[in-house]
>>> print(open('coords_1.txt').read())   # compact mmCIF, C-alpha atoms
# COMPACT_ATOMS: atom_id res chain seq x y z
CA MET A 1 40.25 69.66 -79.91
CA GLU A 2 39.11 69.66 -83.59
CA ARG A 3 42.74 69.87 -84.71
CA THR A 4 43.61 66.78 -82.66
CA LYS A 5 40.63 64.78 -83.98
CA GLU A 6 41.46 65.64 -87.59
CA HIS A 7 45.10 64.62 -87.10
CA THR A 8 44.02 61.31 -85.50
CA ARG A 9 41.75 60.49 -88.50
CA ARG A 10 44.58 61.15 -90.95
CA ARG A 11 46.99 59.01 -88.99
CA ASN A 12 44.46 56.14 -88.81
CA LYS A 13 43.92 56.26 -92.58
CA ARG A 14 47.64 55.90 -93.19
CA SER A 15 47.86 52.98 -90.79
CA HIS A 16 45.01 51.18 -92.65
CA GLY A 17 46.80 51.18 -95.95
CA GLU A 18 45.92 54.46 -97.65
CA HIS A 19 49.62 54.87 -98.44
CA ASN A 20 50.74 51.25 -98.37
CA ASN A 21 53.12 51.74 -101.27
CA VAL A 22 54.82 54.82 -99.78
CA VAL A 23 57.07 54.80 -96.75
CA SER A 24 56.48 57.97 -94.70
CA ILE A 25 59.64 59.71 -93.56
CA ASP A 26 57.91 62.67 -91.85
CA ARG A 27 57.84 61.07 -88.40
CA LEU A 28 57.73 64.48 -86.71
CA SER A 29 54.36 65.38 -88.23
CA ASP A 30 52.96 62.09 -86.98
CA LEU A 31 53.35 63.26 -83.40
CA PRO A 32 50.31 64.55 -81.48
CA ASP A 33 49.76 68.29 -81.42
CA ALA A 34 50.53 68.56 -77.72
CA ILE A 35 54.03 67.13 -78.26
CA LEU A 36 54.68 69.45 -81.20
CA TYR A 37 53.61 72.44 -79.09
CA HIS A 38 56.07 71.33 -76.44
CA ILE A 39 58.90 70.97 -78.99
CA LEU A 40 58.22 74.41 -80.48
CA SER A 41 58.20 75.97 -77.00
CA PHE A 42 62.00 75.57 -76.88
CA LEU A 43 62.44 77.86 -79.92
CA PRO A 44 62.34 81.65 -80.04
CA THR A 45 58.91 82.67 -81.31
CA GLN A 46 60.22 83.95 -84.64
CA LYS A 47 61.77 80.54 -85.41
CA SER A 48 58.61 78.81 -84.21
CA ILE A 49 56.57 80.86 -86.69
CA SER A 50 58.98 79.98 -89.51
CA THR A 51 57.96 76.30 -89.20
CA SER A 52 54.54 77.24 -90.65
CA VAL A 53 55.97 76.76 -94.17
CA LEU A 54 56.86 73.11 -93.58
CA ALA A 55 53.41 71.73 -94.36
CA ARG A 56 49.74 72.60 -94.21
CA ARG A 57 49.39 71.03 -90.77
CA TRP A 58 52.19 73.25 -89.40
CA ARG A 59 50.66 76.51 -90.63
CA TYR A 60 49.09 77.57 -87.30
CA LEU A 61 50.83 75.31 -84.82
CA TRP A 62 52.94 78.21 -83.49
CA ALA A 63 49.78 80.06 -82.38
CA TYR A 64 49.05 77.31 -79.84
CA VAL A 65 52.54 77.18 -78.31
CA PRO A 66 52.36 78.23 -74.62
CA THR A 67 55.68 80.09 -74.83
CA LEU A 68 56.31 83.52 -76.35
CA ASP A 69 60.01 84.32 -76.71
CA PHE A 70 60.79 87.63 -78.44
CA ARG A 71 64.43 88.53 -79.04
CA HIS A 72 64.96 91.94 -80.62
CA GLU A 73 61.99 91.65 -83.00
CA ASN A 74 60.34 94.61 -84.65
CA GLN A 75 57.64 96.15 -82.44
CA GLU A 76 54.94 95.68 -85.09
CA ILE A 77 55.81 91.98 -85.38
CA ILE A 78 55.51 91.55 -81.60
CA GLU A 79 52.05 93.10 -81.58
CA ARG A 80 50.93 91.08 -84.61
CA VAL A 81 51.97 87.86 -82.90
CA MET A 82 50.10 88.82 -79.74
CA ILE A 83 46.91 89.38 -81.74
CA LEU A 84 47.12 85.98 -83.47
CA HIS A 85 48.22 83.97 -80.44
CA LYS A 86 45.44 81.61 -79.30
CA VAL A 87 46.62 80.26 -75.94
CA GLN A 88 44.87 81.67 -72.87
CA THR A 89 47.53 80.48 -70.40
CA ILE A 90 51.14 81.42 -71.20
CA SER A 91 53.76 79.33 -69.45
CA THR A 92 56.70 81.60 -70.43
CA PHE A 93 56.79 85.16 -71.75
CA ARG A 94 60.31 86.34 -72.56
CA LEU A 95 61.02 89.74 -74.08
CA PHE A 96 64.53 91.01 -74.91
CA HIS A 97 64.34 94.44 -76.52
CA TYR A 98 67.03 97.12 -76.92
CA SER A 99 65.50 99.65 -79.33
CA ASP A 100 63.51 102.70 -78.27
CA CYS A 101 59.99 101.91 -77.21
CA SER A 102 57.20 103.99 -75.69
CA ASN A 103 56.09 103.40 -72.12
CA TYR A 104 52.57 102.77 -73.39
CA ARG A 105 53.76 99.92 -75.62
CA LEU A 106 55.81 98.35 -72.86
CA GLU A 107 52.91 98.47 -70.44
CA THR A 108 50.62 96.97 -73.09
CA TRP A 109 52.96 94.02 -73.67
CA ILE A 110 53.36 93.31 -69.96
CA THR A 111 49.63 93.62 -69.37
CA PHE A 112 48.99 91.19 -72.23
CA ALA A 113 51.17 88.58 -70.50
CA ILE A 114 49.45 89.15 -67.16
CA THR A 115 45.96 88.79 -68.66
CA ARG A 116 47.06 85.49 -70.25
CA ASN A 117 47.87 84.09 -66.80
CA VAL A 118 51.62 84.07 -67.37
CA GLN A 119 53.67 81.80 -65.09
CA LYS A 120 57.23 82.79 -66.03
CA LEU A 121 58.00 86.38 -67.06
CA GLN A 122 61.47 87.53 -68.14
CA LEU A 123 62.07 91.09 -69.35
CA LEU A 124 65.39 92.51 -70.54
CA PHE A 125 65.59 96.16 -71.58
CA HIS A 126 68.07 98.96 -71.05
CA LEU A 127 65.36 101.12 -69.55
CA THR A 128 65.74 101.44 -65.78
CA LYS A 129 63.46 104.49 -65.35
CA PHE A 130 60.29 102.73 -66.52
CA GLU A 131 57.45 102.61 -63.99
CA LEU A 132 56.35 98.98 -63.94
CA PRO A 133 52.57 98.50 -64.21
CA ARG A 134 50.76 97.74 -60.96
CA CYS A 135 49.13 94.62 -62.37
CA LEU A 136 52.58 92.98 -62.47
CA PHE A 137 52.77 93.04 -58.67
CA THR A 138 49.31 91.56 -58.13
CA CYS A 139 49.58 88.68 -60.61
CA LYS A 140 48.27 85.54 -58.92
CA THR A 141 49.66 83.10 -61.54
CA LEU A 142 53.24 84.36 -61.63
CA VAL A 143 55.78 81.78 -60.43
CA ASP A 144 59.03 83.09 -61.93
CA LEU A 145 59.83 86.81 -62.43
CA ARG A 146 63.13 88.06 -63.89
CA LEU A 147 63.79 91.74 -64.56
CA ASN A 148 67.07 92.67 -66.26
CA TYR A 149 68.10 96.33 -66.57
CA PHE A 150 64.44 97.22 -66.54
CA GLY A 151 61.98 98.99 -64.32
CA ILE A 152 61.57 100.64 -60.95
CA ILE A 153 60.42 98.57 -57.97
CA PRO A 154 57.56 100.64 -56.48
CA MET A 155 56.74 101.46 -52.88
CA SER A 156 53.09 100.48 -53.29
CA ARG A 157 51.43 98.57 -50.47
CA LEU A 158 49.18 96.87 -53.03
CA VAL A 159 51.61 94.06 -53.77
CA CYS A 160 50.59 90.41 -53.69
CA LEU A 161 52.43 87.62 -55.50
CA PRO A 162 51.05 84.52 -53.77
CA HIS A 163 52.70 81.91 -56.03
CA LEU A 164 56.03 83.57 -56.87
CA LYS A 165 58.94 81.19 -56.17
CA ILE A 166 61.79 82.70 -58.23
CA LEU A 167 62.69 86.40 -58.33
CA HIS A 168 65.69 87.87 -60.17
CA LEU A 169 66.29 91.62 -60.01
CA ILE A 170 69.31 92.49 -62.16
CA CYS A 171 70.29 96.16 -62.23
CA VAL A 172 66.82 97.52 -61.49
CA GLN A 173 66.00 100.71 -59.61
CA TYR A 174 64.14 101.01 -56.31
CA LYS A 175 61.71 103.77 -55.43
CA ALA A 176 63.09 103.77 -51.88
CA ASP A 177 65.12 101.57 -49.54
CA GLU A 178 61.89 100.02 -48.23
CA ALA A 179 60.70 98.97 -51.70
CA LEU A 180 62.58 95.66 -51.66
CA PRO A 181 61.51 94.57 -48.12
CA ARG A 182 57.86 95.31 -48.99
CA LEU A 183 58.12 93.30 -52.19
CA LEU A 184 59.66 90.30 -50.39
CA ALA A 185 57.05 90.46 -47.65
CA SER A 186 54.38 90.00 -50.34
CA CYS A 187 55.93 86.78 -51.68
CA PRO A 188 54.92 84.13 -49.11
CA VAL A 189 56.38 81.14 -50.99
CA LEU A 190 59.54 82.71 -52.48
CA GLU A 191 62.40 80.19 -52.68
CA GLU A 192 65.05 81.78 -54.93
CA LEU A 193 66.20 85.40 -54.96
CA GLU A 194 68.95 86.98 -57.06
CA ILE A 195 69.88 90.64 -56.77
CA GLU A 196 72.58 92.47 -58.71
CA SER A 197 72.86 96.15 -57.97
CA CYS A 198 74.22 98.70 -60.42
CA MET A 199 73.66 101.65 -58.08
CA ASP A 200 76.52 103.50 -56.39
CA SER A 201 75.02 102.79 -52.98
CA PHE A 202 72.36 100.48 -51.65
CA SER A 203 70.83 99.98 -48.23
CA SER A 204 68.11 97.46 -47.55
CA LYS A 205 66.95 94.33 -45.73
CA ILE A 206 66.36 90.85 -47.12
CA SER A 207 63.99 89.07 -44.81
CA SER A 208 62.06 85.93 -45.72
CA PRO A 209 61.30 82.67 -43.89
CA THR A 210 61.08 80.70 -47.17
CA ILE A 211 64.09 81.72 -49.32
CA LYS A 212 66.41 78.76 -49.93
CA ARG A 213 68.76 80.15 -52.60
CA LEU A 214 70.17 83.68 -52.45
CA THR A 215 72.58 85.37 -54.88
CA LEU A 216 73.79 88.91 -54.19
CA SER A 217 76.24 90.93 -56.27
CA PHE A 218 77.38 94.45 -55.42
CA PRO A 219 80.02 95.77 -57.84
CA ALA A 220 82.67 98.27 -56.83
CA PRO A 221 81.15 101.79 -56.69
CA ASP A 222 82.52 104.56 -58.87
CA ARG A 223 82.95 106.95 -55.96
CA SER A 224 85.04 106.01 -52.95
CA ASN A 225 82.56 107.31 -50.36
CA ASN A 226 79.73 104.96 -51.44
CA CYS A 227 79.05 101.47 -50.11
CA TYR A 228 76.36 98.87 -49.62
CA THR A 229 74.59 98.14 -46.36
CA LEU A 230 72.55 94.97 -46.19
CA GLU A 231 70.89 92.95 -43.47
CA ILE A 232 70.04 89.32 -44.23
CA ASN A 233 67.44 87.37 -42.29
CA THR A 234 66.78 84.09 -44.12
CA PRO A 235 66.68 81.15 -41.66
CA ALA A 236 65.73 78.58 -44.35
CA LEU A 237 68.65 79.49 -46.63
CA VAL A 238 70.47 76.50 -48.16
CA TYR A 239 72.68 78.20 -50.81
CA LEU A 240 74.32 81.64 -50.69
CA ARG A 241 76.44 83.44 -53.28
CA LEU A 242 77.78 86.88 -52.37
CA VAL A 243 80.05 89.28 -54.26
CA ALA A 244 80.80 92.43 -52.24
CA GLY A 245 83.61 94.74 -51.16
CA VAL A 246 85.40 94.46 -47.83
CA HIS A 247 84.11 97.97 -47.07
CA ASP A 248 80.46 96.95 -47.39
CA HIS A 249 78.43 96.27 -44.28
CA ILE A 250 76.84 92.83 -44.66
CA LYS A 251 75.04 91.69 -41.55
CA SER A 252 73.32 88.34 -41.20
CA GLY A 253 71.12 86.46 -38.80
CA ALA A 254 71.51 82.75 -38.04
CA LEU A 255 72.23 80.58 -41.11
CA THR A 256 71.79 77.17 -39.53
CA SER A 257 70.27 75.59 -42.68
CA LEU A 258 73.06 76.78 -44.98
CA THR A 259 74.96 73.96 -46.72
CA GLU A 260 76.78 75.74 -49.58
CA ALA A 261 78.29 79.21 -49.84
CA ASP A 262 80.28 81.03 -52.55
CA ILE A 263 81.68 84.26 -51.11
CA HIS A 264 83.90 86.79 -52.88
CA PHE A 265 85.07 89.93 -51.06
CA TYR A 266 86.93 92.07 -53.57
CA LYS A 267 89.56 94.69 -52.79
CA VAL A 268 89.01 98.44 -52.87
CA HIS A 269 91.48 100.90 -54.32
CA LYS A 270 90.97 103.52 -51.63
CA GLN A 271 90.72 102.24 -48.09
CA ARG A 272 88.14 104.16 -46.06
CA GLY A 273 89.19 103.41 -42.53
CA PHE A 274 88.98 99.98 -41.00
CA VAL A 275 85.77 100.30 -38.97
CA ARG A 276 83.69 98.48 -41.56
CA PHE A 277 86.24 95.72 -42.21
CA ARG A 278 85.49 94.05 -38.89
CA TYR A 279 82.14 92.91 -40.28
CA VAL A 280 83.85 90.58 -42.76
CA PRO A 281 85.26 88.07 -40.21
CA GLU A 282 81.98 88.25 -38.28
CA PHE A 283 80.09 87.39 -41.45
CA ILE A 284 82.47 84.52 -42.31
CA ASN A 285 81.85 82.97 -38.90
CA ARG A 286 78.11 83.02 -39.67
CA LEU A 287 78.83 80.43 -42.38
CA CYS A 288 79.97 77.80 -39.89
CA SER A 289 77.20 75.30 -40.76
CA VAL A 290 78.15 74.90 -44.45
CA LYS A 291 79.36 71.67 -46.05
CA PHE A 292 80.84 73.33 -49.15
CA LEU A 293 82.55 76.72 -48.95
CA LYS A 294 84.21 78.78 -51.68
CA LEU A 295 85.81 81.84 -50.15
CA ASN A 296 87.79 84.52 -52.00
CA LEU A 297 89.41 87.21 -49.86
CA ALA A 298 91.29 89.22 -52.44
CA TYR A 299 92.23 92.49 -50.75
CA TYR A 300 95.29 94.32 -49.47
CA LYS A 301 97.65 92.75 -46.96
CA LYS A 302 97.23 95.90 -44.86
CA THR A 303 93.60 94.95 -44.26
CA VAL A 304 94.57 91.43 -43.24
CA ASP A 305 97.08 92.71 -40.71
CA SER A 306 94.73 95.30 -39.24
CA LYS A 307 91.57 93.27 -38.81
CA PHE A 308 92.26 89.59 -39.36
CA SER A 309 95.40 89.08 -37.32
CA LEU A 310 93.24 88.36 -34.27
CA TRP A 311 90.50 86.52 -36.19
CA THR A 312 89.53 83.15 -34.77
CA ALA A 313 87.36 80.93 -36.93
CA SER A 314 84.21 79.35 -35.61
CA ASN A 315 83.96 75.58 -35.55
CA PHE A 316 83.17 74.56 -39.12
CA ARG A 317 82.29 71.03 -38.08
CA ASN A 318 80.18 70.27 -41.19
CA LEU A 319 82.69 71.55 -43.73
CA THR A 320 83.86 68.81 -46.13
CA LYS A 321 85.03 70.90 -49.12
CA LEU A 322 86.88 74.22 -48.94
CA GLU A 323 88.02 76.34 -51.89
CA LEU A 324 90.04 79.20 -50.43
CA THR A 325 91.84 82.15 -52.00
CA ALA A 326 93.44 84.13 -49.19
CA HIS A 327 96.47 84.78 -47.03
CA CYS A 328 97.91 81.57 -45.58
CA SER A 329 96.83 82.61 -42.07
CA PHE A 330 93.26 81.85 -43.11
CA LEU A 331 94.26 78.35 -44.21
CA SER A 332 95.81 77.68 -40.83
CA GLU A 333 92.62 78.80 -39.07
CA PHE A 334 90.38 76.61 -41.21
CA LEU A 335 92.58 73.54 -40.79
CA ALA A 336 92.36 74.00 -37.05
CA ASN A 337 88.58 74.41 -37.05
CA ALA A 338 87.22 72.13 -39.81
CA ASP A 339 87.46 68.66 -38.29
CA ASN A 340 85.75 66.87 -41.19
CA LEU A 341 87.42 68.56 -44.15
CA GLU A 342 87.98 66.08 -47.01
CA ILE A 343 88.75 68.27 -50.06
CA LEU A 344 90.97 71.37 -49.98
CA ILE A 345 91.59 73.78 -52.88
CA PHE A 346 93.92 76.62 -51.89
CA GLN A 347 95.45 79.60 -53.67
CA GLU A 348 97.56 81.98 -51.65
CA PHE A 349 96.80 85.57 -52.47
CA TYR A 350 99.56 87.29 -50.52
CA LYS A 351 103.15 86.23 -50.27
CA GLU A 352 104.09 88.49 -47.35
CA GLY A 353 104.23 86.90 -43.93
CA GLY A 354 105.20 83.35 -43.06
CA TRP A 355 103.18 80.16 -42.76
CA ILE A 356 102.24 79.30 -39.19
CA GLU A 357 101.29 75.70 -38.58
CA PRO A 358 98.06 75.14 -36.65
CA PRO A 359 98.53 73.39 -33.28
CA GLN A 360 98.89 69.65 -33.93
CA ARG A 361 96.14 68.74 -31.46
CA MET A 362 93.69 71.05 -33.30
CA ALA A 363 94.20 70.00 -36.95
CA THR A 364 92.00 66.92 -36.70
CA CYS A 365 90.91 67.04 -40.36
CA ILE A 366 94.51 66.69 -41.53
CA LEU A 367 94.99 63.50 -39.55
CA SER A 368 91.67 61.78 -40.10
CA HIS A 369 89.70 63.08 -43.10
CA LEU A 370 91.64 65.07 -45.71
CA ARG A 371 91.76 63.01 -48.92
CA VAL A 372 92.22 65.46 -51.83
CA ILE A 373 94.38 68.61 -52.01
CA LYS A 374 94.72 71.05 -54.88
CA LEU A 375 97.22 73.91 -54.57
CA VAL A 376 96.80 76.62 -57.23
CA ASN A 377 99.53 78.79 -58.79
CA VAL A 378 102.43 77.53 -56.68
CA LYS A 379 105.52 79.60 -57.57
CA GLY A 380 108.13 77.89 -55.45
CA LYS A 381 108.33 80.52 -52.71
CA THR A 382 109.60 79.50 -49.29
CA GLN A 383 106.19 79.39 -47.64
CA ASP A 384 104.77 77.43 -50.59
CA PHE A 385 107.16 74.64 -49.65
CA GLU A 386 106.35 75.06 -45.95
CA ILE A 387 102.63 74.58 -46.61
CA ILE A 388 103.19 71.57 -48.90
CA ARG A 389 105.62 70.00 -46.42
CA TYR A 390 103.08 70.35 -43.59
CA LEU A 391 100.20 68.91 -45.62
CA LEU A 392 102.15 65.92 -46.95
CA LYS A 393 103.53 65.07 -43.52
CA ASN A 394 100.23 65.23 -41.64
CA ALA A 395 97.58 64.11 -44.16
CA LYS A 396 97.44 60.44 -43.13
CA LEU A 397 94.59 59.51 -45.51
CA LEU A 398 95.70 61.56 -48.52
CA GLU A 399 94.71 60.02 -51.87
CA ARG A 400 95.67 62.76 -54.31
CA ILE A 401 97.48 66.09 -54.31
CA GLU A 402 97.53 68.35 -57.36
CA ILE A 403 100.03 71.21 -57.58
CA SER A 404 99.42 73.70 -60.37
CA HIS A 405 102.27 76.04 -61.23
CA PRO A 406 103.22 78.53 -64.00
CA VAL A 407 104.60 77.08 -67.20
CA TYR A 408 108.40 77.11 -66.84
CA ARG A 409 110.46 77.76 -69.97
CA ASP A 410 113.48 76.71 -67.96
CA THR A 411 112.98 72.99 -67.31
CA LYS A 412 115.50 73.14 -64.46
CA LYS A 413 113.11 75.28 -62.40
CA LYS A 414 110.37 72.70 -62.71
CA ALA A 415 112.83 69.90 -61.95
CA ARG A 416 113.87 71.70 -58.74
CA LEU A 417 110.21 72.15 -57.74
CA VAL A 418 109.37 68.50 -58.35
CA GLY A 419 112.58 67.23 -56.82
CA ARG A 420 112.32 69.24 -53.62
CA ILE A 421 108.70 68.25 -53.00
CA GLY A 422 109.58 64.63 -53.72
CA LEU A 423 111.95 64.61 -50.71
CA PHE A 424 109.30 65.69 -48.20
CA GLU A 425 108.18 63.30 -45.48
CA ARG A 426 104.86 61.65 -46.29
CA GLY A 427 102.14 60.69 -43.83
CA SER A 428 99.93 58.77 -46.26
CA LYS A 429 100.89 55.22 -47.23
CA ALA A 430 99.82 55.67 -50.85
CA TYR A 431 98.75 58.69 -52.86
CA GLU A 432 99.01 60.27 -56.31
CA ILE A 433 100.81 63.57 -56.85
CA ALA A 434 100.27 65.59 -60.05
CA PHE A 435 102.18 68.65 -61.25
CA VAL A 436 99.97 70.71 -63.61
CA PRO A 437 101.52 73.58 -65.64
CA ILE A 438 99.12 76.55 -65.97
CA ASN A 439 99.27 79.01 -68.86
CA ARG A 440 98.78 82.75 -68.40
CA ASP A 441 95.11 82.44 -69.31
CA GLY A 442 94.64 79.91 -66.50
CA ALA A 443 94.29 76.91 -68.81
CA ALA A 444 96.07 73.71 -67.85
CA SER A 445 98.90 72.56 -70.10
CA SER A 446 98.92 69.04 -71.49
CA GLN A 447 102.35 68.39 -69.94
CA ILE A 448 101.10 67.00 -66.64
CA LEU A 449 103.43 64.94 -64.48
CA LYS A 450 101.86 62.26 -62.28
CA TYR A 451 103.55 60.12 -59.70
CA ARG A 452 102.23 57.37 -57.53
CA ARG A 453 103.87 57.50 -54.12
CA LEU A 454 104.06 54.31 -52.10
CA ASN A 455 105.59 54.03 -48.63
>>> encode(input="coords_1.txt", output="structure tokens")
Amino acid sequence: MERTKEHTRRRNKRSHGEHNNVVSIDRLSDLPDAILYHILSFLPTQKSISTSVLARRWRYLWAYVPTLDFRHENQEIIERVMILHKVQTISTFRLFHYSDCSNYRLETWITFAITRNVQKLQLLFHLTKFELPRCLFTCKTLVDLRLNYFGIIPMSRLVCLPHLKILHLICVQYKADEALPRLLASCPVLEELEIESCMDSFSSKISSPTIKRLTLSFPAPDRSNNCYTLEINTPALVYLRLVAGVHDHIKSGALTSLTEADIHFYKVHKQRGFVRFRYVPEFINRLCSVKFLKLNLAYYKKTVDSKFSLWTASNFRNLTKLELTAHCSFLSEFLANADNLEILIFQEFYKEGGWIEPPQRMATCILSHLRVIKLVNVKGKTQDFEIIRYLLKNAKLLERIEISHPVYRDTKKKARLVGRIGLFERGSKAYEIAFVPINRDGAASSQILKYRRLN
């Protein structure tokens, strides 16, 4: 308060002519303290402290900034800053530290943040065996908690985080399989959850009536006999991102509120029997309420034949945008069951097996809604042309189709690709077609051909 009054008196003196003959160029120092604190809060703490040499007024401004952001600083410097810091309510406490550090010091730093009523806490260490202090899980002011490669989630029943809305657990350890469900049960207003597991196996439940955004990532295990088993019960979920193997057992309850999903099932190098693979199509059908779906099914053709040959998609009546990387049989199923599809991005992952057109009476989206098509990495195979022929013939409202293809050194190959597609029957009265060469790194070449087709 005294600092603000003193600054106001100085500013008033200048405005009344104390420096009439000098034009002030230090507009930043003329700002109120509260605004300067806010500006400094965007800097790492070490840089914020360095501003103390700018002028006398700036000497202790950093000590009133509500954010502490330490990035690989010396341990003695961190503790010195904590002693001199004046703010009793910390909005953000961020600590990235890779060097060796005692458990006592770590617990002291975390406890300091908790006692200062921290709202956002982000910790990044390469120390997964550290027992997190109990006070962290009973902090009543914490709104955002992010743990990266740090700490063990305890089994304690004394967990209460009444205001926590965002929780990120990246490569942390769990005392037991029940540790995560107990933690989530103690977060009554949690809205966003991100989990990335670095363990060889993981089995747990994610159950919450309030979570709206969920991100799950389970990397391929080192040993072929390990997998992840997860049950999801989040009826309020709006956004879902999942990276898992086709061998993992992902089970979900109703997802009626879901509007956007980004799903990537990666392949496994050693198939373990096909019993678990049947859960993948069941899980995909749980996504039937989404408006935007990105689906990557990059696994062996053998798996597709064994478990997906009889797959029938649910009615994706709300789906308006689909980004699909899969065997062409999946595309046929979606076209037959997504009546309101407007934007289609498709990359065929397997070239074996032919394209089968969906029944004409079922592909309603093709006839009445599909406006934009993007086909990725088209190599001029027979079924590539079959798919393009079908889409151009039946998409009555098509506005634009983009066909990306490898960069051809032989210009005749590209000419044959363009020429053959140009002869296909067209259902839309007017649309733009673009041929986009793609380099090996996936970047688009500048040599893009565009044509405007008019019937």
>>> residues_around(input="coords_1.txt", residues="Gly427 in chain A", least_positions_apart="4", cutoff="10 Å", atoms="all atoms listed in the file", output="ChimeraX atom specification")
/A:366-367,390-398,431,455
>>> residues_around(input="coords_1.txt", residues="Ile284 in chain A", least_positions_apart="5", cutoff="9 Å", atoms="only C-alpha atoms", output="PyMOL selection string")
chain A and resi 263+279+295+313-314
>>> residues_around(input="coords_1.txt", residues="Thr141 in chain A", least_positions_apart="5", cutoff="10 Å", atoms="only C-alpha atoms", output="PyMOL selection string")
chain A and resi 89-91+114-120+161-164
>>> write_last_selection(input="coords_1.txt", atoms="C-alpha atoms", output="mmCIF file, in the frame of the given file")
data_model
loop_
_atom_site.group_PDB
_atom_site.id
_atom_site.type_symbol
_atom_site.label_atom_id
_atom_site.label_comp_id
_atom_site.auth_asym_id
_atom_site.auth_seq_id
_atom_site.Cartn_x
_atom_site.Cartn_y
_atom_site.Cartn_z
ATOM 1 C CA THR A 89 47.530 80.480 -70.400
ATOM 2 C CA ILE A 90 51.140 81.420 -71.200
ATOM 3 C CA SER A 91 53.760 79.330 -69.450
ATOM 4 C CA ILE A 114 49.450 89.150 -67.160
ATOM 5 C CA THR A 115 45.960 88.790 -68.660
ATOM 6 C CA ARG A 116 47.060 85.490 -70.250
ATOM 7 C CA ASN A 117 47.870 84.090 -66.800
ATOM 8 C CA VAL A 118 51.620 84.070 -67.370
ATOM 9 C CA GLN A 119 53.670 81.800 -65.090
ATOM 10 C CA LYS A 120 57.230 82.790 -66.030
ATOM 11 C CA LEU A 161 52.430 87.620 -55.500
ATOM 12 C CA PRO A 162 51.050 84.520 -53.770
ATOM 13 C CA HIS A 163 52.700 81.910 -56.030
ATOM 14 C CA LEU A 164 56.030 83.570 -56.870
#
>>> atom_distance(input="coords_1.txt", atom1="CA of Phe150 in chain A", atom2="CA of Leu190 in chain A")
20.8 Å
>>> closest_residue(input="coords_1.txt", among="A:Asn74, A:Thr51, A:Ser207, A:Ser217", to="Arg182 in chain A", atoms="all atoms listed in the file")
A:Ser207
>>> residues_around(input="coords_1.txt", residues="Leu28 in chain A", least_positions_apart="6", cutoff="12 Å", atoms="all atoms listed in the file", output="list in words")
Ile35, Leu36, Tyr37, Ile39, Leu40, Leu54, Ala55, Arg57 and Trp58 of chain A
>>> closest_residue(input="coords_1.txt", among="A:Ile166, A:Leu127, A:Leu183, A:Ile152", to="Arg213 in chain A", atoms="only C-alpha atoms")
A:Ile166
>>> residues_around(input="coords_1.txt", residues="Thr259 in chain A", least_positions_apart="2", cutoff="9 Å", atoms="only C-alpha atoms", output="ChimeraX atom specification")
/A:237-240,256-257,261,287,289-293,318-319
>>> atom_distance(input="coords_1.txt", atom1="CA of Val143 in chain A", atom2="CA of Pro181 in chain A")
18.7 Å
>>> atom_distance(input="coords_1.txt", atom1="CA of Arg27 in chain A", atom2="CA of Val81 in chain A")
28.0 Å
>>> closest_residue(input="coords_1.txt", among="A:Ile232, A:Ile356, A:Glu131, A:Lys86", to="Ser102 in chain A", atoms="only C-alpha atoms")
A:Glu131
>>> build_atoms(input="coords_1.txt", residues="range 108-118 of chain A", atoms="N, CA and C atoms", output="JSON list (two decimals), keeping the file's coordinate frame")
[["chain", "number", "residue", "atom", "x", "y", "z"],
["A", 108, "THR", "N", 51.58, 97.81, -72.36],
["A", 108, "THR", "CA", 50.62, 96.97, -73.09],
["A", 108, "THR", "C", 51.12, 95.54, -73.21],
["A", 109, "TRP", "N", 52.40, 95.37, -73.53],
["A", 109, "TRP", "CA", 52.96, 94.02, -73.67],
["A", 109, "TRP", "C", 52.94, 93.28, -72.34],
["A", 110, "ILE", "N", 53.34, 93.95, -71.28],
["A", 110, "ILE", "CA", 53.36, 93.31, -69.96],
["A", 110, "ILE", "C", 51.94, 92.95, -69.52],
["A", 111, "THR", "N", 51.02, 93.87, -69.75],
["A", 111, "THR", "CA", 49.63, 93.62, -69.37],
["A", 111, "THR", "C", 49.05, 92.44, -70.15],
["A", 112, "PHE", "N", 49.42, 92.33, -71.43],
["A", 112, "PHE", "CA", 48.99, 91.19, -72.23],
["A", 112, "PHE", "C", 49.41, 89.88, -71.58],
["A", 113, "ALA", "N", 50.68, 89.80, -71.14],
["A", 113, "ALA", "CA", 51.17, 88.58, -70.50],
["A", 113, "ALA", "C", 50.42, 88.29, -69.20],
["A", 114, "ILE", "N", 50.15, 89.33, -68.44],
["A", 114, "ILE", "CA", 49.45, 89.15, -67.16],
["A", 114, "ILE", "C", 48.02, 88.64, -67.40],
["A", 115, "THR", "N", 47.33, 89.21, -68.38],
["A", 115, "THR", "CA", 45.96, 88.79, -68.66],
["A", 115, "THR", "C", 45.89, 87.38, -69.22],
["A", 116, "ARG", "N", 47.01, 86.87, -69.76],
["A", 116, "ARG", "CA", 47.06, 85.49, -70.25],
["A", 116, "ARG", "C", 47.58, 84.54, -69.18],
["A", 117, "ASN", "N", 47.51, 84.95, -67.93],
["A", 117, "ASN", "CA", 47.87, 84.09, -66.80],
["A", 117, "ASN", "C", 49.30, 83.56, -66.89],
["A", 118, "VAL", "N", 50.22, 84.46, -67.20],
["A", 118, "VAL", "CA", 51.62, 84.07, -67.37],
["A", 118, "VAL", "C", 52.18, 83.48, -66.08]]
